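Source file input05.cif; content: mmCIF, C-alpha atoms.
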data_query
#
loop_
_atom_site.label_atom_id
_atom_site.label_comp_id
_atom_site.auth_asym_id
_atom_site.auth_seq_id
_atom_site.Cartn_x
_atom_site.Cartn_y
_atom_site.Cartn_z
CA MET A 2 -24.79 12.29 -8.58
CA ASN A 3 -22.61 9.35 -7.63
CA VAL A 4 -19.75 11.09 -9.39
CA GLU A 5 -20.04 14.09 -7.07
CA LYS A 6 -20.37 11.80 -4.10
CA LEU A 7 -17.21 9.93 -5.04
CA GLN A 8 -15.42 13.20 -5.72
CA GLN A 9 -16.31 14.41 -2.24
CA ILE A 10 -15.07 11.17 -0.69
CA PHE A 11 -11.75 11.54 -2.52
CA ALA A 12 -11.44 15.18 -1.54
CA GLN A 13 -12.15 14.46 2.12
CA SER A 14 -10.06 11.31 2.45
CA LEU A 15 -7.05 12.74 0.66
CA GLU A 16 -7.56 16.19 2.13
CA ILE A 17 -7.41 17.93 -1.21
CA ASP A 18 -9.70 20.36 -3.01
CA ALA A 19 -12.54 18.65 -4.92
CA ILE A 20 -11.50 20.60 -7.99
CA HIS A 21 -8.39 18.41 -8.23
CA VAL A 22 -10.39 15.18 -8.20
CA VAL A 23 -10.43 14.37 -11.91
CA ASP A 24 -10.21 11.12 -13.86
CA GLU A 25 -6.48 11.57 -14.33
CA LEU A 26 -5.76 11.82 -10.62
CA THR A 27 -3.55 8.81 -9.89
CA TYR A 28 -2.22 7.06 -6.82
CA ASN A 29 1.20 8.27 -5.67
CA SER A 30 1.12 11.16 -8.15
CA ILE A 31 0.45 13.62 -5.36
CA PRO A 32 1.91 13.42 -1.82
CA GLU A 33 -1.61 13.36 -0.35
CA TRP A 34 -2.55 10.10 -2.06
CA ASP A 35 -0.10 7.70 -0.48
CA SER A 36 -0.58 4.21 0.91
CA VAL A 37 -1.83 5.46 4.28
CA ALA A 38 -4.41 7.77 2.72
CA HIS A 39 -5.41 4.98 0.36
CA MET A 40 -6.59 2.88 3.31
CA ALA A 41 -8.73 5.76 4.58
CA LEU A 42 -10.08 6.35 1.09
CA VAL A 43 -11.11 2.72 0.63
CA ALA A 44 -12.77 2.64 4.05
CA GLU A 45 -14.76 5.77 3.29
CA ILE A 46 -15.87 4.49 -0.13
CA GLU A 47 -17.05 1.25 1.45
CA ASP A 48 -18.97 3.07 4.16
CA GLN A 49 -20.62 5.61 1.93
CA PHE A 50 -21.55 3.31 -0.95
CA ASP A 51 -22.19 0.36 1.33
CA VAL A 52 -19.98 -2.04 -0.61
CA MET A 53 -17.21 -4.44 0.35
CA LEU A 54 -14.25 -4.31 -2.00
CA ASP A 55 -11.98 -7.29 -2.64
CA THR A 56 -8.24 -7.10 -2.01
CA ASP A 57 -7.57 -6.88 -5.74
CA ASP A 58 -9.96 -3.94 -6.07
CA VAL A 59 -8.07 -2.08 -3.36
CA LEU A 60 -4.83 -2.51 -5.28
CA ASP A 61 -6.37 -1.78 -8.68
CA MET A 62 -7.88 1.48 -7.53
CA SER A 63 -5.00 3.48 -8.90
CA SER A 64 -6.89 6.51 -10.26
CA PHE A 65 -10.18 8.32 -9.89
CA ALA A 66 -11.30 6.89 -13.25
CA LYS A 67 -10.35 3.41 -12.08
CA ALA A 68 -12.34 3.89 -8.87
CA LYS A 69 -15.49 4.54 -10.89
CA GLU A 70 -14.77 1.48 -13.02
CA ILE A 71 -14.35 -0.72 -9.96
CA LEU A 72 -17.47 0.60 -8.25
CA ALA A 73 -19.43 -0.06 -11.44
CA LYS A 74 -18.75 -3.76 -10.85
CA TYR A 75 -20.63 -3.36 -7.60
CA GLU A 76 -23.58 -1.84 -9.44
CA ILE A 77 -22.81 1.74 -8.50
CA GLU A 78 -23.66 3.74 -11.59
CA PHE A 79 -21.70 6.66 -12.94
CA SER A 80 -23.46 7.98 -16.01
CA MET B 99 -1.91 -25.66 -8.57
CA ILE B 100 -2.01 -22.54 -6.48
CA ALA B 101 -0.03 -19.57 -7.76
CA PRO B 102 2.51 -18.40 -6.74
CA TYR B 103 3.39 -21.84 -5.37
CA HIS B 104 2.83 -23.64 -8.65
CA LEU B 105 6.18 -23.77 -10.43
CA GLU B 106 8.47 -26.75 -10.18
CA ARG B 107 12.21 -26.41 -9.87
CA GLN B 108 13.23 -26.40 -13.51
CA GLN B 109 10.70 -23.93 -14.77
CA LYS B 110 11.03 -21.69 -11.77
CA SER B 111 14.79 -21.45 -11.74
CA ALA B 112 14.93 -20.76 -15.49
CA GLN B 113 12.44 -17.90 -15.18
CA LEU B 114 14.01 -16.47 -12.06
CA LEU B 115 17.53 -16.69 -13.45
CA ASP B 116 16.63 -14.62 -16.52
CA LYS B 117 15.12 -11.94 -14.33
CA LEU B 118 18.02 -11.90 -11.87
CA ASN B 119 20.58 -11.65 -14.67
CA ALA B 120 18.62 -8.74 -16.11
CA LEU B 121 18.54 -7.07 -12.69
CA THR B 122 22.28 -7.50 -12.20
CA LYS B 123 22.81 -5.74 -15.51
CA TRP B 124 20.27 -3.02 -14.67
CA HIS B 125 21.94 -2.25 -11.37
CA MET B 126 25.42 -2.32 -12.92
CA ASP B 127 24.20 0.33 -15.35
CA ASN B 128 22.35 2.42 -12.78
CA CYS B 129 24.13 2.13 -9.45
CA GLN B 130 27.75 3.26 -9.34
CA GLU B 131 28.53 1.71 -5.98
CA TYR B 132 27.04 -1.63 -6.97
CA LYS B 133 29.10 -1.64 -10.13
CA ALA B 134 32.25 -0.82 -8.19
CA MET B 135 31.65 -3.63 -5.71
CA LEU B 136 31.02 -6.21 -8.40
CA GLU B 137 34.02 -5.15 -10.42
CA LYS B 138 36.29 -5.10 -7.42
CA SER B 139 35.32 -8.64 -6.51
CA ASP B 140 35.60 -9.89 -10.09
CA ALA B 141 32.08 -11.25 -9.89
CA VAL B 142 30.72 -12.79 -13.06
CA GLN B 143 27.63 -10.77 -13.90
CA GLN B 144 25.71 -12.96 -16.29
CA VAL B 145 25.51 -16.47 -14.92
CA ASP B 146 24.02 -19.87 -15.70
CA THR B 147 22.69 -20.95 -12.32
CA LEU B 148 20.95 -19.24 -9.40
CA GLU B 149 23.85 -20.21 -7.13
CA GLU B 150 26.21 -18.09 -9.23
CA VAL B 151 24.21 -14.87 -9.09
CA PRO B 152 26.45 -12.33 -7.33
CA TYR B 153 25.18 -11.30 -3.91
CA LEU B 154 25.72 -8.49 -1.46
CA PRO B 155 25.84 -8.96 2.30
CA VAL B 156 22.62 -7.52 3.67
CA GLN B 157 24.53 -5.22 6.06
CA VAL B 158 25.75 -3.21 3.08
CA PHE B 159 22.50 -1.22 3.18
CA LYS B 160 23.43 -0.01 6.64
CA LEU B 161 26.64 1.47 5.35
CA LEU B 162 25.76 2.71 1.89
CA GLU B 163 22.68 4.36 0.45
CA LEU B 164 22.33 2.21 -2.61
CA LYS B 165 19.79 3.02 -5.27
CA SER B 166 19.38 2.62 -9.01
CA ILE B 167 16.95 5.49 -9.48
CA SER B 168 17.21 9.26 -9.27
CA GLN B 169 16.35 11.16 -6.11
CA GLU B 170 13.16 12.49 -7.73
CA GLU B 171 11.82 9.00 -8.40
CA ILE B 172 11.81 7.97 -4.74
CA VAL B 173 8.27 7.54 -3.42
CA LYS B 174 9.01 5.59 -0.28
CA VAL B 175 11.95 4.89 2.00
CA LEU B 176 11.96 1.76 4.12
CA THR B 177 14.18 1.47 7.15
CA SER B 178 15.15 -1.67 9.06
CA SER B 179 14.16 -1.93 12.68
CA GLY B 180 17.64 -2.30 14.20
CA THR B 181 18.10 -2.03 17.93
CA THR B 182 19.16 1.24 19.52
CA GLY B 183 22.56 2.45 18.56
CA GLN B 184 22.66 0.24 15.50
CA GLN B 185 22.82 1.61 12.01
CA VAL B 186 19.61 1.10 10.09
CA SER B 187 19.29 0.02 6.48
CA LYS B 188 17.70 2.43 4.06
CA ILE B 189 15.81 1.02 1.11
CA TYR B 190 14.63 3.35 -1.64
CA LEU B 191 11.53 2.51 -3.62
CA ASP B 192 10.19 4.14 -6.74
CA LYS B 193 6.61 3.85 -7.88
CA GLU B 194 7.20 0.72 -9.96
CA THR B 195 8.98 -1.25 -7.24
CA SER B 196 6.58 -0.06 -4.56
CA VAL B 197 3.50 -1.12 -6.53
CA ALA B 198 5.10 -4.46 -7.42
CA GLN B 199 5.88 -5.06 -3.75
CA THR B 200 2.28 -4.52 -2.69
CA LYS B 201 0.95 -6.72 -5.51
CA ILE B 202 3.29 -9.57 -4.77
CA LEU B 203 2.51 -9.52 -1.07
CA VAL B 204 -1.11 -10.02 -2.02
CA GLU B 205 -0.29 -12.91 -4.35
CA VAL B 206 1.87 -14.61 -1.75
CA MET B 207 -0.80 -14.39 0.94
CA LYS B 208 -3.89 -15.08 -1.14
CA PRO B 209 -3.68 -18.86 -0.88
CA LEU B 210 -4.04 -18.40 2.89
CA LEU B 211 -6.26 -15.36 3.16
CA GLY B 212 -8.44 -15.48 0.06
CA SER B 213 -9.55 -12.40 -1.83
CA LYS B 214 -12.26 -11.14 0.49
CA ARG B 215 -10.97 -8.57 2.94
CA LEU B 216 -11.50 -9.61 6.55
CA PRO B 217 -12.18 -7.50 9.63
CA MET B 218 -8.66 -6.91 10.84
CA ILE B 219 -6.93 -6.49 14.17
CA ILE B 220 -3.44 -5.05 14.06
CA LEU B 221 -1.56 -6.06 17.17
CA ASP B 222 0.48 -2.87 17.24
CA THR B 223 0.08 0.88 17.69
CA LYS B 224 -1.11 3.24 15.02
CA SER B 225 1.72 5.63 15.80
CA VAL B 226 4.06 3.37 13.81
CA LEU B 227 2.61 4.99 10.70
CA LYS B 228 3.13 8.59 11.80
CA ASP B 229 5.75 9.39 9.22
CA ARG B 230 4.09 9.16 5.84
CA LYS B 231 7.11 8.84 3.59
CA SER B 232 9.59 6.89 5.64
CA PHE B 233 8.52 3.55 7.05
CA SER B 234 10.11 1.30 9.58
CA ALA B 235 9.98 -2.42 8.95
CA ARG B 236 6.99 -2.49 11.29
CA GLY B 237 5.15 0.28 9.49
CA ALA B 238 5.83 -1.22 6.09
CA GLY B 239 4.59 -4.61 7.24
CA ILE B 240 1.42 -3.19 8.72
CA LEU B 241 0.65 -1.15 5.64
CA GLY B 242 1.27 -4.05 3.29
CA PHE B 243 -0.91 -6.44 5.22
CA SER B 244 -3.63 -3.84 5.74
CA ASN B 245 -4.74 -4.49 2.18
CA PHE B 246 -6.18 -7.81 3.34
CA GLY B 247 -8.28 -6.23 6.04
CA ARG B 248 -11.10 -3.81 6.58
CA LYS B 249 -12.32 -1.95 9.65
CA HIS B 250 -8.73 -1.96 10.90
CA PHE B 251 -8.41 -1.90 14.65
CA TYR B 252 -5.10 -1.17 16.36
CA ALA B 253 -5.03 -3.17 19.58
CA LEU B 254 -2.20 -1.27 21.26
CA ASN B 255 -2.39 2.28 22.55
CA ASP B 256 0.49 4.66 21.86
CA ASP B 257 2.06 3.78 25.20
CA MET B 258 2.00 0.10 24.17
CA SER B 259 -0.75 -0.80 26.63
CA LEU B 260 -3.41 -3.17 25.35
CA ASP B 261 -6.77 -1.63 24.50
CA ILE B 262 -8.77 -4.46 26.04
CA VAL B 263 -12.10 -2.65 25.94
CA GLY B 264 -11.64 -1.75 22.29
CA LEU B 265 -10.55 -5.27 21.47
CA GLN B 266 -13.56 -6.83 23.12
CA ALA B 267 -15.91 -4.38 21.40
CA PHE B 268 -14.34 -5.21 18.03
CA LEU B 269 -14.70 -8.96 18.58
CA LYS B 270 -18.29 -8.46 19.62
CA GLU B 271 -19.09 -6.38 16.55
CA PHE B 272 -17.66 -8.98 14.19
CA ALA B 273 -18.64 -12.08 16.12
CA GLY B 274 -19.26 -14.98 13.77
CA GLN B 275 -17.08 -13.54 11.03
CA LYS B 276 -13.58 -14.65 10.19
CA ILE B 277 -11.05 -12.23 11.70
CA LEU B 278 -7.57 -11.46 10.43
CA LEU B 279 -4.88 -10.59 12.94
CA PHE B 280 -1.47 -9.24 12.07
CA GLY B 281 1.52 -8.31 14.16
CA PHE B 282 5.14 -8.82 15.06
CA THR B 283 6.07 -11.92 16.96
CA PHE B 284 7.75 -10.26 19.89
CA MET B 285 5.19 -7.43 20.20
CA ILE B 286 2.38 -9.97 20.27
CA TRP B 287 4.14 -11.97 22.94
CA GLN B 288 5.17 -9.05 25.12
CA TYR B 289 2.30 -6.60 24.82
CA VAL B 290 -0.68 -8.77 23.98
CA TYR B 291 -0.20 -12.28 25.31
CA LYS B 292 1.55 -11.33 28.57
CA GLU B 293 -0.89 -8.49 29.13
CA VAL B 294 -3.88 -10.78 28.75
CA ILE B 295 -2.30 -13.24 31.19
CA ALA B 296 -1.51 -10.47 33.69
CA SER B 297 -4.99 -8.98 33.64
CA ASP B 298 -6.58 -12.40 33.79
CA ILE B 299 -9.19 -11.81 31.13
CA LYS B 300 -10.65 -14.17 28.62
CA ILE B 301 -10.48 -13.29 24.96
CA ASP B 302 -11.81 -15.44 22.16
CA CYS B 303 -11.03 -14.33 18.64
CA GLY B 304 -13.31 -16.99 17.20
CA ASP B 305 -12.75 -18.01 13.60
CA SER B 306 -9.42 -16.25 13.22
CA ILE B 307 -6.11 -16.32 11.42
CA LEU B 308 -2.94 -14.63 12.64
CA ILE B 309 -0.03 -13.72 10.38
CA HIS B 310 3.12 -12.71 12.23
CA GLY B 311 6.80 -12.14 11.52
CA GLY B 312 9.86 -10.27 12.68
CA GLY B 313 11.93 -13.05 14.15
CA TRP B 314 12.16 -15.17 17.28
CA LYS B 315 15.31 -13.78 18.81
CA LYS B 316 13.76 -12.30 21.94
CA LEU B 317 11.35 -15.19 22.42
CA LYS B 318 14.19 -17.65 22.30
CA ASP B 319 15.56 -16.12 25.48
CA GLU B 320 12.29 -17.11 27.10
CA ALA B 321 12.43 -20.54 25.51
CA VAL B 322 9.26 -19.99 23.48
CA ASP B 323 9.27 -21.78 20.16
CA SER B 324 6.78 -21.67 17.36
CA SER B 325 4.57 -24.53 18.52
CA THR B 326 4.45 -23.19 22.10
CA PHE B 327 3.60 -19.74 20.76
CA ASN B 328 0.77 -21.09 18.61
CA ARG B 329 -0.62 -23.21 21.42
CA LEU B 330 -0.58 -20.43 24.01
CA LEU B 331 -2.19 -17.94 21.65
CA HIS B 332 -4.92 -20.45 20.98
CA GLU B 333 -5.46 -21.06 24.67
CA GLN B 334 -5.43 -17.44 25.83
CA LEU B 335 -6.77 -15.53 22.84
CA GLY B 336 -8.65 -18.19 20.95
CA ILE B 337 -6.61 -17.61 17.79
CA ARG B 338 -7.36 -20.67 15.68
CA GLU B 339 -4.80 -20.51 12.90
CA VAL B 340 -1.29 -19.04 13.09
CA HIS B 341 1.19 -18.52 10.26
CA ASN B 342 4.66 -17.14 10.75
CA TYR B 343 6.47 -15.45 7.88
CA TYR B 344 10.11 -14.68 7.15
CA GLY B 345 11.15 -11.57 5.31
CA MET B 346 13.24 -8.44 5.58
CA VAL B 347 12.91 -4.85 4.44
CA GLU B 348 16.17 -5.12 2.56
CA GLN B 349 14.59 -7.42 0.01
CA VAL B 350 11.15 -6.47 -1.19
CA GLY B 351 9.22 -9.39 -2.64
CA SER B 352 10.78 -11.98 -0.38
CA ILE B 353 7.94 -12.92 1.89
CA PHE B 354 8.09 -16.55 2.87
CA VAL B 355 5.01 -17.70 4.71
CA GLU B 356 4.31 -20.92 6.55
CA CYS B 357 2.11 -23.43 4.77
CA SER B 358 -0.44 -25.65 6.47
CA MET B 359 2.41 -27.97 7.48
CA GLY B 360 4.26 -25.15 9.25
CA HIS B 361 7.05 -24.82 6.68
CA LEU B 362 8.19 -21.53 5.17
CA HIS B 363 7.78 -21.64 1.39
CA THR B 364 9.42 -19.85 -1.51
CA PRO B 365 6.96 -18.39 -4.04
CA SER B 366 7.75 -18.29 -7.77
CA TYR B 367 9.31 -14.78 -7.64
CA ALA B 368 11.77 -15.47 -4.87
CA ASP B 369 14.13 -18.19 -3.75
CA ILE B 370 16.66 -19.06 -1.10
CA ILE B 371 20.04 -20.75 -1.11
CA ILE B 372 21.80 -22.03 2.00
CA ARG B 373 25.54 -21.40 2.20
CA ASN B 374 28.33 -22.61 4.41
CA PRO B 375 29.04 -19.74 6.85
CA ILE B 376 32.80 -20.07 6.42
CA THR B 377 33.32 -20.95 2.77
CA PHE B 378 30.07 -19.48 1.43
CA GLU B 379 29.66 -22.51 -0.82
CA PRO B 380 26.07 -23.73 -1.30
CA ILE B 381 25.32 -26.71 0.94
CA PRO B 382 22.91 -29.64 0.52
CA TYR B 383 19.31 -29.62 1.70
CA GLY B 384 18.97 -30.71 5.30
CA GLU B 385 22.09 -28.88 6.45
CA GLN B 386 22.01 -25.62 8.33
CA GLY B 387 23.80 -22.58 6.98
CA LEU B 388 23.53 -18.92 6.06
CA ILE B 389 20.43 -17.93 4.14
CA GLN B 390 20.83 -16.13 0.83
CA VAL B 391 17.65 -14.59 -0.55
CA LEU B 392 16.84 -13.93 -4.19
CA SER B 393 13.94 -11.87 -5.49
CA GLU B 394 12.94 -10.60 -8.91
CA LEU B 395 11.43 -7.41 -7.48
CA PRO B 396 14.19 -5.05 -6.35
CA LYS B 397 14.66 -2.74 -9.30
CA SER B 398 14.93 0.64 -7.60
CA TYR B 399 17.90 -0.54 -5.51
CA PRO B 400 20.40 -3.42 -5.93
CA GLY B 401 18.84 -5.89 -3.50
CA HIS B 402 17.85 -8.77 -5.75
CA SER B 403 20.46 -11.13 -4.29
CA LEU B 404 21.44 -10.79 -0.63
CA LEU B 405 23.32 -12.86 1.89
CA THR B 406 21.52 -12.54 5.21
CA GLU B 407 22.82 -13.00 8.74
CA ASP B 408 20.22 -15.67 9.43
CA LEU B 409 20.75 -19.39 9.75
CA GLY B 410 18.30 -21.75 8.14
CA THR B 411 17.76 -25.17 6.66
CA ILE B 412 16.05 -26.19 3.45
CA HIS B 413 13.97 -29.30 4.10
CA GLY B 414 12.99 -30.11 0.55
CA GLU B 415 11.73 -28.82 -2.76
CA ASP B 416 8.46 -29.28 -4.67
CA ASP B 417 7.36 -32.16 -2.42
CA CYS B 418 5.94 -30.57 0.73
CA LEU B 419 2.88 -32.43 1.94
CA CYS B 420 0.86 -29.20 1.87
CA GLY B 421 0.83 -29.39 -1.92
CA TRP B 422 2.67 -26.13 -2.59
CA LYS B 423 5.72 -26.28 -4.86
CA GLY B 424 9.03 -24.51 -4.27
CA LYS B 425 11.65 -24.91 -1.59
CA TYR B 426 10.44 -25.24 1.96
CA PHE B 427 12.61 -24.33 4.90
CA SER B 428 12.95 -23.20 8.49
CA VAL B 429 14.90 -20.38 10.08
CA ALA B 430 16.99 -21.09 13.18
CA GLY B 431 17.85 -17.48 14.01
CA ARG B 432 20.68 -14.99 13.67
CA ILE B 433 24.30 -16.09 13.47
CA PRO B 434 25.93 -15.39 16.83
CA LYS B 435 27.27 -11.82 16.96
CA ALA B 436 25.96 -11.07 13.51
CA GLU B 437 28.83 -9.47 11.76
CA LEU B 438 30.25 -10.93 8.60
CA ARG B 439 33.01 -8.35 8.54
CA GLY B 440 32.50 -4.88 7.20
CA CYS B 441 31.51 -4.17 3.74
CA SER B 442 33.95 -2.66 1.36
CA ASP B 443 36.61 -5.20 2.11
CA THR B 444 34.04 -7.80 2.55
CA PHE B 445 31.92 -8.22 -0.47
CA GLN B 446 31.87 -11.99 -0.70
CA GLY B 447 29.47 -12.31 -3.52
CA GLY B 448 29.64 -14.12 -6.77
CA THR B 449 31.91 -16.70 -8.22
CA LYS B 450 35.41 -15.84 -9.14
CA ARG B 451 36.46 -16.37 -12.66
#

Can you present the structure in this file as structure tokens?
Amino acid sequence: MNVEKLQQIFAQSLEIDAIHVVDELTYNSIPEWDSVAHMALVAEIEDQFDVMLDTDDVLDMSSFAKAKEILAKYEIEFS
Amino acid sequence: MIAPYHLERQQKSAQLLDKLNALTKWHMDNCQEYKAMLEKSDAVQQVDTLEEVPYLPVQVFKLLELKSISQEEIVKVLTSSGTTGQQVSKIYLDKETSVAQTKILVEVMKPLLGSKRLPMIILDTKSVLKDRKSFSARGAGILGFSNFGRKHFYALNDDMSLDIVGLQAFLKEFAGQKILLFGFTFMIWQYVYKEVIASDIKIDCGDSILIHGGGWKKLKDEAVDSSTFNRLLHEQLGIREVHNYYGMVEQVGSIFVECSMGHLHTPSYADIIIRNPITFEPIPYGEQGLIQVLSELPKSYPGHSLLTEDLGTIHGEDDCLCGWKGKYFSVAGRIPKAELRGCSDTFQGGTKR
């Protein structure tokens, strides 16, 4: 369920179709996921999962897979 | 010791030299124009000291589009601010250099800002970020520093008027929390400070830290120096801690921020050398001259060693009372009528054989 939620957040923040939100989706690999969109994405993730990411997490969040990994540190489970 | 202000002279210069030599070679192999300039000036390419690393005058990026990557690899273009009518520099970044730039900015600022992102006020307008692929120096600065903040609030409306209501609401919402403010020195002075004075309102940012850069040129005309600036911002806006930084779009990775003693510091990945403005020979610490900047980051374009148009003075190395290692220095401003002669007949870099 959290996976779908995160997928939706990605789709909305990056303004892309949810179908394209896969583990391999990486930062800067599509025009939609640039540094400006990244800020919006991070803000939305924090709001919706009620977490506060560290600066390093923001920089490390370089793919959809990585986002799940980082959120797992904050006890958000993706089974 | 606090990275990236932990390396002492010997270790730092050895590491940096290896990387700069490698970059000189990389750019020789990948940028035709760079190669031509170095060959024409008989610059030695692999050198034994930092002072011998060949350098380009920073204005060269206003005249030539220099890059060491293919067109397809460009992910971001940075442009210098430049006043109206002036040519702007164009700096091309690929993914690798762009990511490295963001990472290093974080490392450089972490000793001051910590790793927790703070509620952030950007003392600028959001419209600076309108173009998503090409960034002005202002846009690039805002984006880079945004990584340290959350709940970003832009304090200026598109017409540059101050959003006082929004600002007060933001401060109320985050009262009691440490606030990060970021902006450009002149913009802060002109559109925030003066506006607050004119409208006679009281603003208290509480526990707050301001990072600002962009140069003092316009404030100098009003005889406002750094300590006056800090004092007035404290008095009128309640900003408790202020740190200036020195950097330029032409050299990614060179962000020199003021320590607790108010000195600009060089981190382990970048360095400065002061040169005589006439002979271009390096001059001793304590004497004012032209600032040359060195950075291990610029790989997508040949900007790892640049002679700026700014005057500065190195005050010492590895012994600043703040505890950070590296050279510490101050910037006096632009050389009068900044123009070191044009570029193709002017490449002054490197030592002659």

* Asked: For chain A against chain B, which residues fall within 7 Å using only C-alpha atoms, given as a PyMOL selection string?
  -> chain A and resi 55-56+59

Residues matched by the PyMOL selection byres ((chain B and resi 340) around 7) as an mmCIF file with C-alpha atoms, in the frame of the given file:
data_model
loop_
_atom_site.group_PDB
_atom_site.id
_atom_site.type_symbol
_atom_site.label_atom_id
_atom_site.label_comp_id
_atom_site.auth_asym_id
_atom_site.auth_seq_id
_atom_site.Cartn_x
_atom_site.Cartn_y
_atom_site.Cartn_z
ATOM 1 C CA ILE B 307 -6.110 -16.320 11.420
ATOM 2 C CA LEU B 308 -2.940 -14.630 12.640
ATOM 3 C CA ILE B 309 -0.030 -13.720 10.380
ATOM 4 C CA ASN B 328 0.770 -21.090 18.610
ATOM 5 C CA ARG B 338 -7.360 -20.670 15.680
ATOM 6 C CA GLU B 339 -4.800 -20.510 12.900
ATOM 7 C CA HIS B 341 1.190 -18.520 10.260
ATOM 8 C CA ASN B 342 4.660 -17.140 10.750
#

Counting all atoms listed in the file, write as number ranges by chain all protein and nucleic acid residues lying at most 10 Å from (-10.4, -2.3, -6.7) in the file's frame.
A: 43, 54-63, 67-72, 74

So which residues touch stretch 33-42 of chain A within 7 Å, counting only C-alpha atoms, skipping near sequence neighbours fewer than 2 positions away, as a PyMOL selection string? chain A and resi 11+14-15+28-29+31+44-46

Separation of atom CA of B:Leu154 and atom CA of B:Val391, in Å?
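A separation of 10.2 Å between them.
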
In Å, how far is it from atom CA of B:Arg373 to atom CA of B:Gly387?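 Atom CA of B:Gly387 lies at a distance of 5.2 Å from atom CA of B:Arg373.
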
Got a sec to resolve the PyMOL selection byres ((chain A and resi 19) around 12) on this structure and send the residues as number ranges by chain?
A: 4-18, 20-24, 26, 65

Go ahead and dump the residues you just picked, C-alpha atoms, as an mmCIF file, in the coordinates of the input.
data_model
loop_
_atom_site.group_PDB
_atom_site.id
_atom_site.type_symbol
_atom_site.label_atom_id
_atom_site.label_comp_id
_atom_site.auth_asym_id
_atom_site.auth_seq_id
_atom_site.Cartn_x
_atom_site.Cartn_y
_atom_site.Cartn_z
ATOM 1 C CA VAL A 4 -19.750 11.090 -9.390
ATOM 2 C CA GLU A 5 -20.040 14.090 -7.070
ATOM 3 C CA LYS A 6 -20.370 11.800 -4.100
ATOM 4 C CA LEU A 7 -17.210 9.930 -5.040
ATOM 5 C CA GLN A 8 -15.420 13.200 -5.720
ATOM 6 C CA GLN A 9 -16.310 14.410 -2.240
ATOM 7 C CA ILE A 10 -15.070 11.170 -0.690
ATOM 8 C CA PHE A 11 -11.750 11.540 -2.520
ATOM 9 C CA ALA A 12 -11.440 15.180 -1.540
ATOM 10 C CA GLN A 13 -12.150 14.460 2.120
ATOM 11 C CA SER A 14 -10.060 11.310 2.450
ATOM 12 C CA LEU A 15 -7.050 12.740 0.660
ATOM 13 C CA GLU A 16 -7.560 16.190 2.130
ATOM 14 C CA ILE A 17 -7.410 17.930 -1.210
ATOM 15 C CA ASP A 18 -9.700 20.360 -3.010
ATOM 16 C CA ILE A 20 -11.500 20.600 -7.990
ATOM 17 C CA HIS A 21 -8.390 18.410 -8.230
ATOM 18 C CA VAL A 22 -10.390 15.180 -8.200
ATOM 19 C CA VAL A 23 -10.430 14.370 -11.910
ATOM 20 C CA ASP A 24 -10.210 11.120 -13.860
ATOM 21 C CA LEU A 26 -5.760 11.820 -10.620
ATOM 22 C CA PHE A 65 -10.180 8.320 -9.890
#

| task | Would you mind listing what lies within 8 Å of B:Gly431 as number ranges by chain, with all atoms listed in the file counted and same-chain residues fewer than 3 positions away left out? | result | B: 313-315, 408-410

If you count only C-alpha atoms, the residue of B:Glu385, B:Asp416, B:Asp319, B:Glu106 closest to B:Ile372 turns out to be B:Glu385

- Message: Assuming the chain letters and numbering stay as they are in my file, what does the PyMOL selection byres ((chain B and resi 104) around 12) actually select? List them as a list of chain:residue names.
- Response: B:Met99, B:Ile100, B:Ala101, B:Pro102, B:Tyr103, B:Leu105, B:Glu106, B:Arg107, B:Gln108, B:Gln109, B:Lys110, B:Glu205, B:Val206, B:Pro209, B:His363, B:Thr364, B:Pro365, B:Ser366, B:Tyr367, B:Glu415, B:Asp416, B:Asp417, B:Gly421, B:Trp422, B:Lys423, B:Gly424, B:Lys425

For stretch 141-148 of chain B, supply N, CA and C atoms and format the output as an mmCIF file, in the coordinates of the input.
data_model
loop_
_atom_site.group_PDB
_atom_site.id
_atom_site.type_symbol
_atom_site.label_atom_id
_atom_site.label_comp_id
_atom_site.auth_asym_id
_atom_site.auth_seq_id
_atom_site.Cartn_x
_atom_site.Cartn_y
_atom_site.Cartn_z
ATOM 1 N N ALA B 141 33.258 -10.384 -9.785
ATOM 2 C CA ALA B 141 32.080 -11.250 -9.890
ATOM 3 C C ALA B 141 31.658 -11.377 -11.343
ATOM 4 N N VAL B 142 31.277 -12.579 -11.724
ATOM 5 C CA VAL B 142 30.720 -12.790 -13.060
ATOM 6 C C VAL B 142 29.296 -12.246 -13.022
ATOM 7 N N GLN B 143 28.928 -11.442 -13.987
ATOM 8 C CA GLN B 143 27.630 -10.770 -13.900
ATOM 9 C C GLN B 143 26.483 -11.518 -14.555
ATOM 10 N N GLN B 144 26.773 -12.195 -15.641
ATOM 11 C CA GLN B 144 25.710 -12.960 -16.290
ATOM 12 C C GLN B 144 26.024 -14.432 -16.086
ATOM 13 N N VAL B 145 25.161 -15.121 -15.367
ATOM 14 C CA VAL B 145 25.510 -16.470 -14.920
ATOM 15 C C VAL B 145 24.500 -17.519 -15.396
ATOM 16 N N ASP B 146 24.837 -18.776 -15.191
ATOM 17 C CA ASP B 146 24.020 -19.870 -15.700
ATOM 18 C C ASP B 146 23.175 -20.566 -14.642
ATOM 19 N N THR B 147 23.499 -20.331 -13.380
ATOM 20 C CA THR B 147 22.690 -20.950 -12.320
ATOM 21 C C THR B 147 22.382 -19.917 -11.242
ATOM 22 N N LEU B 148 21.330 -20.163 -10.473
ATOM 23 C CA LEU B 148 20.950 -19.240 -9.400
ATOM 24 C C LEU B 148 22.066 -19.108 -8.371
#
